[in-house]
Amino acid sequence: MKRRRNALICLLTVCLMATTAQTDVLAQEAGTESNSQTAQEPQEDEETKEQSEEIAVDSEDPGKYRLTGRGTGDFSSSGLRAQSVSHQDKYSDCILQHGIDVSYHNGRIDWEKVKDDGIDFAIIRVAYRGYENGALRVDTEAMENMKNANAAGIPIGVYIFSQAISAAEARQEADFIVENIKDYQIDLPVVLDFEYVATGVGRLYKAKLSKSAATSVCSAFCDRVKALGYTPMVYASKTMYQDKTYAADFSQEYPIWMAHYNSSTNYGGEYEYWQYTSKGKVDGIKTKDNPYVDLNYRYYNSLRITKREAGSLSMKWDAWDGAAGYDIYRKSGSGNYTILESGVEGTTFTDKSLKAGTSYSYKVYPQGTSTCIGFNTGITQLSSAKLSGKGTAFDKIKLTWPKVSGASSYYIQRYNSSKKTYSNVKTASGKSTSYTDGSKNASTKYKYRIRPCKVVFNGRSYGGYSKIVTVKTKGKVKARTKNKKLKLRKSASNSAKSLGTIKKKGTKVTVTGSTGSWYRLSVKINGKTKTGYIKKSSLKLIK
C-alpha cells in the first residue's frame, strides 16, 4: 500500500491532536515517563446522553465478563485515573494513531461524532464463539457498525472473540468472520481475539492448552485469513503472549494487538496495536449501563519477515510514495539500532551471514527521513541434525545424532503407519545426543526423523527435519516363566481378557515384543499357540 509523504505531515498532526483527544482512562497502575500524552474527558450535550434502552446480553457471550470487572490479569482495572500515556522508546519514531474497538455492548454508535472526536480507526466485533456451548454467533450490531463506520470514512478492522481450542476450530472461526464482512470495506486486519473469558470460566480456559497448542490455534487462524485475502492479526493480553503462547512464532509474519491496561507497558515483544484501557470516553458512544469504550494506539508498520534460514532473514515492506530508497537499521539482543544498509532499492531485503538460532530486530525508513514505516524482530533457524539408528534388542532401537549448535531441545518423531503421519515420541534436551526407543516389536522396521529447536524471544527457532532413517529391531527371543498359573492377557493390562493360563513354572515362551511393563509373546496353551501379554517381572529372558 503506497503512502504519500505529504500525507505523513497531516497524519502526524492528526495523531498529536488525537493524543489530547477527549478520553477518560482507568488504568491498572499509573506510570510517568517523558513524552507522555494527555487524555481529557469530553463535554457532554443532550445528544450524547446515555441510551434509555437496556442492551440484551447473550448469556453465551464471552465478552460480558469484562463489563462486570471479572476479566483476568491484564484486563483488570484498579480505579486509578491515569492522565497520561507513555509509549516505549522503540516506537518513538513511528507514525501513531488513536482508535477504539466496539461491540454491541457499546450500543448504537453515532459514527460521525466518533470521527469528529479525533478517532483515527475502529476495530469492530463481528462475531464470537459461545464460551460454554462453542456455537458461533454474529454480533447484533456488527453490520450496523461496519456500514456506518464506512459511511463516516473511518478505517476499520474486525474481530471475532474466540474460544477456539484447536487449529480446526480456529480455521472455522476465520471462515465465519470472513463470510460476514464481504459486503464492507475492511482497511485494517481481521483479528482473532484470543483470551480467557475469566479465571476458571470458558472452554478455552478449561482446555488448558499447552503453549505449543495455543500457538497453533493463533497461527491456524492467521494462515486461513491470509489465504482468504485479508490481513490477519492476533489480539491477546500481555500475559497471554508472554506465558501462554510462543508469540514470536506468528508476530514475525503477522501483526500483534496487545492488551495491557496501564499508562505504560513493559511488554518485550513486538506489537502494532496497544489496547491500554477499557474506560475511555468518546463522543457518540454511551449506553445506559456502559459509558465507556476501549481505547487503542496503533504504530504504523508494514515490515514482515518472509523467510527464515540458519544464516539469513528475508523481509518485505510496503512502498512509500516518493521514497528514493530505504534505510534499514538492525540490532541484536538488547543492543542499539545501527545502520545496516542505506539506499535499498525495492521493498525486499535479505540479511545474510547471521548467527543461527538468534533474534534480530529491524527498522525501515524512507531514505533520508526519520520516520519509521516498518519494524519487526526475526529469528534465524538452526542447522539440521544428522540422524542414525541401530536395533539394539528385539524391542529397542537406539538413535544417535551430533549436537546442533544452539539447540535447546530435539523433537524425535516416529512414523505412525495407521495415521500415515510422523508423531512426536520424545523431546530430548539440548545436551542429548542419543535416545533409545523401547516397547517395539521384534524383527520390525521403524522410520524416524529429528528436528532441533531453541526458544528465542518468546518464539521458536527450528532446524529442518533430518533425513528419514529406517531401523530394524533384532529378532525374537526365548524366555521362561518365573511363576506358575500365569494368565495370558489379550492386551497389556491386568483388566484385559484372559486368553488362558500358563500352568507350569519354567514354561518356555517366544517373546516377540514389549509394551511398557509387559512382554508380548507366543505360547502353547492346551495344545494351541496363542499370542498375548504377560508382565515382564513374570518372565526370564534366555540369553
# chains A, B, ... in the order shown; residues from 1 in each chain; ligands from 1
$ closest_atom_pairs --of "segment 199-267 of chain A" --to "segment 91-115 of chain A" --cutoff "12 Å" --atoms "only C-alpha atoms" --output "Markdown table"
| residue | atom | partner | partner_atom | distance |
| --- | --- | --- | --- | --- |
| A:Tyr235 | CA | A:Asp101 | CA | 11.5 |
| A:Trp257 | CA | A:Asp101 | CA | 11.5 |
| A:Ala259 | CA | A:Asp101 | CA | 11.8 |
$ write_last_selection --atoms "N, CA and C atoms" --output "PDB file, in the first residue's frame"
ATOM      1  N   TYR A 235      -5.084 -10.773  18.732  1.00  0.00           N
ATOM      2  CA  TYR A 235      -5.257  -9.936  19.923  1.00  0.00           C
ATOM      3  C   TYR A 235      -5.156 -10.833  21.147  1.00  0.00           C
ATOM      4  N   TRP A 257      -1.768  -7.376  18.341  1.00  0.00           N
ATOM      5  CA  TRP A 257      -2.539  -6.389  19.106  1.00  0.00           C
ATOM      6  C   TRP A 257      -2.452  -6.836  20.556  1.00  0.00           C
ATOM      7  N   ALA A 259      -3.023  -6.259  24.703  1.00  0.00           N
ATOM      8  CA  ALA A 259      -3.825  -5.585  25.725  1.00  0.00           C
ATOM      9  C   ALA A 259      -3.065  -5.557  27.045  1.00  0.00           C
TER      10      ALA A 259
END
$ residues_around --residues "segment 339-345 of chain A" --least-positions-apart "5" --cutoff "9 Å" --atoms "only C-alpha atoms" --output "list in words"
Ala324, Gly325, Tyr326, Asp327, Ile328, Tyr329, Arg330, Lys331, Asp351, Pro366, Gln367 and Gly368 of chain A
$ closest_residue --among "A:Ser237, A:Thr350, A:Thr481, A:Asn376" --to "Tyr299 of chain A" --atoms "only C-alpha atoms"
A:Asn376
$ residues_around --residues "segment 143-146 of chain A" --least-positions-apart "3" --cutoff "10 Å" --atoms "only C-alpha atoms" --output "PyMOL selection string"
chain A and resi 102-104+107-111+122-126+138-140+149-152+154-158+180-181+183-186
$ write_last_selection --atoms "C-alpha atoms" --output "mmCIF file, in the first residue's frame"
data_model
loop_
_atom_site.group_PDB
_atom_site.id
_atom_site.type_symbol
_atom_site.label_atom_id
_atom_site.label_comp_id
_atom_site.auth_asym_id
_atom_site.auth_seq_id
_atom_site.Cartn_x
_atom_site.Cartn_y
_atom_site.Cartn_z
ATOM 1 C CA VAL A 102 -16.516 -1.812 19.874
ATOM 2 C CA SER A 103 -19.262 -4.431 20.054
ATOM 3 C CA TYR A 104 -22.999 -4.474 20.724
ATOM 4 C CA GLY A 107 -24.981 0.236 21.913
ATOM 5 C CA ARG A 108 -25.962 2.217 18.808
ATOM 6 C CA ILE A 109 -22.979 4.403 17.894
ATOM 7 C CA ASP A 110 -23.004 7.838 16.249
ATOM 8 C CA TRP A 111 -20.011 7.325 13.964
ATOM 9 C CA ALA A 122 -12.022 1.370 14.790
ATOM 10 C CA ILE A 123 -11.937 -2.391 15.199
ATOM 11 C CA ILE A 124 -15.451 -3.818 15.231
ATOM 12 C CA ARG A 125 -16.536 -7.093 16.748
ATOM 13 C CA VAL A 126 -18.295 -9.114 14.078
ATOM 14 C CA VAL A 138 -22.759 -12.777 14.856
ATOM 15 C CA ASP A 139 -22.578 -9.626 16.990
ATOM 16 C CA THR A 140 -26.012 -7.989 16.727
ATOM 17 C CA ALA A 149 -18.191 3.487 10.117
ATOM 18 C CA ASN A 150 -17.619 3.008 6.373
ATOM 19 C CA ALA A 151 -20.033 5.857 5.673
ATOM 20 C CA ALA A 152 -18.219 8.123 8.132
ATOM 21 C CA ILE A 154 -13.306 5.734 9.491
ATOM 22 C CA PRO A 155 -10.860 2.928 8.585
ATOM 23 C CA ILE A 156 -11.993 -0.300 10.233
ATOM 24 C CA GLY A 157 -10.745 -3.727 11.174
ATOM 25 C CA VAL A 158 -12.877 -6.546 12.560
ATOM 26 C CA ASN A 180 -19.799 -11.891 7.345
ATOM 27 C CA ILE A 181 -17.588 -8.993 6.201
ATOM 28 C CA ASP A 183 -20.028 -6.527 1.831
ATOM 29 C CA TYR A 184 -17.959 -3.951 3.721
ATOM 30 C CA GLN A 185 -14.692 -2.099 3.265
ATOM 31 C CA ILE A 186 -12.138 -3.586 5.644
#
$ atom_distance --atom1 "atom CA of Lys504 of chain A" --atom2 "atom CA of Arg480 of chain A"
9.9 Å
$ closest_residue --among "A:Asp117, A:Asp321, A:Glu173, A:Glu253" --to "Tyr271 of chain A" --atoms "only C-alpha atoms"
A:Glu253
$ closest_residue --among "A:Ile412, A:Leu188, A:Leu228, A:Ala393" --to "Asn301 of chain A" --atoms "only C-alpha atoms"
A:Leu188
$ residues_around --residues "Lys543 of chain A" --least-positions-apart "4" --cutoff "10 Å" --atoms "only C-alpha atoms" --output "compact mmCIF listing (two decimals) with C-alpha atoms, in the first residue's frame"
# COMPACT_ATOMS: atom_id res chain seq x y z
CA VAL A 477 13.96 -64.21 21.87
CA LYS A 478 13.11 -67.09 24.17
CA ALA A 479 12.08 -66.82 27.81
$ closest_residue --among "A:Tyr128, A:Tyr337, A:Trp274, A:Tyr365" --to "Ala170 of chain A" --atoms "only C-alpha atoms"
A:Tyr128
$ select_by_dssp --residues "segment 292-403 of chain A" --states "strand (DSSP E)" --output "JSON, numbers by chain"
{"A": [293, 294, 295, 296, 297, 298, 299, 304, 305, 306, 307, 308, 313, 314, 315, 316, 326, 327, 328, 329, 330, 331, 332, 338, 339, 340, 341, 342, 343, 344, 348, 349, 350, 351, 359, 360, 361, 362, 363, 364, 365, 366, 374, 375, 376, 377, 378, 379, 388, 389, 390, 391, 392, 393, 396, 397, 398, 399, 400]}
$ closest_residue --among "A:Ile305, A:Val217, A:Cys453, A:Val293" --to "Lys279 of chain A" --atoms "only C-alpha atoms"
A:Val293
$ residues_around --residues "Tyr533 of chain A" --least-positions-apart "5" --cutoff "6 Å" --atoms "only C-alpha atoms" --output "list in words"
Leu488, Arg489, Ser491, Ala492, Tyr519 and Arg520 of chain A
$ closest_residue --among "A:Asp283, A:Asp289, A:Asp437, A:Glu195" --to "Ile160 of chain A" --atoms "only C-alpha atoms"
A:Glu195
$ atom_distance --atom1 "atom CA of Gly516 of chain A" --atom2 "atom CA of Ser439 of chain A"
5.9 Å
$ atom_distance --atom1 "atom CA of Ser517 of chain A" --atom2 "atom CA of Tyr446 of chain A"
20.7 Å
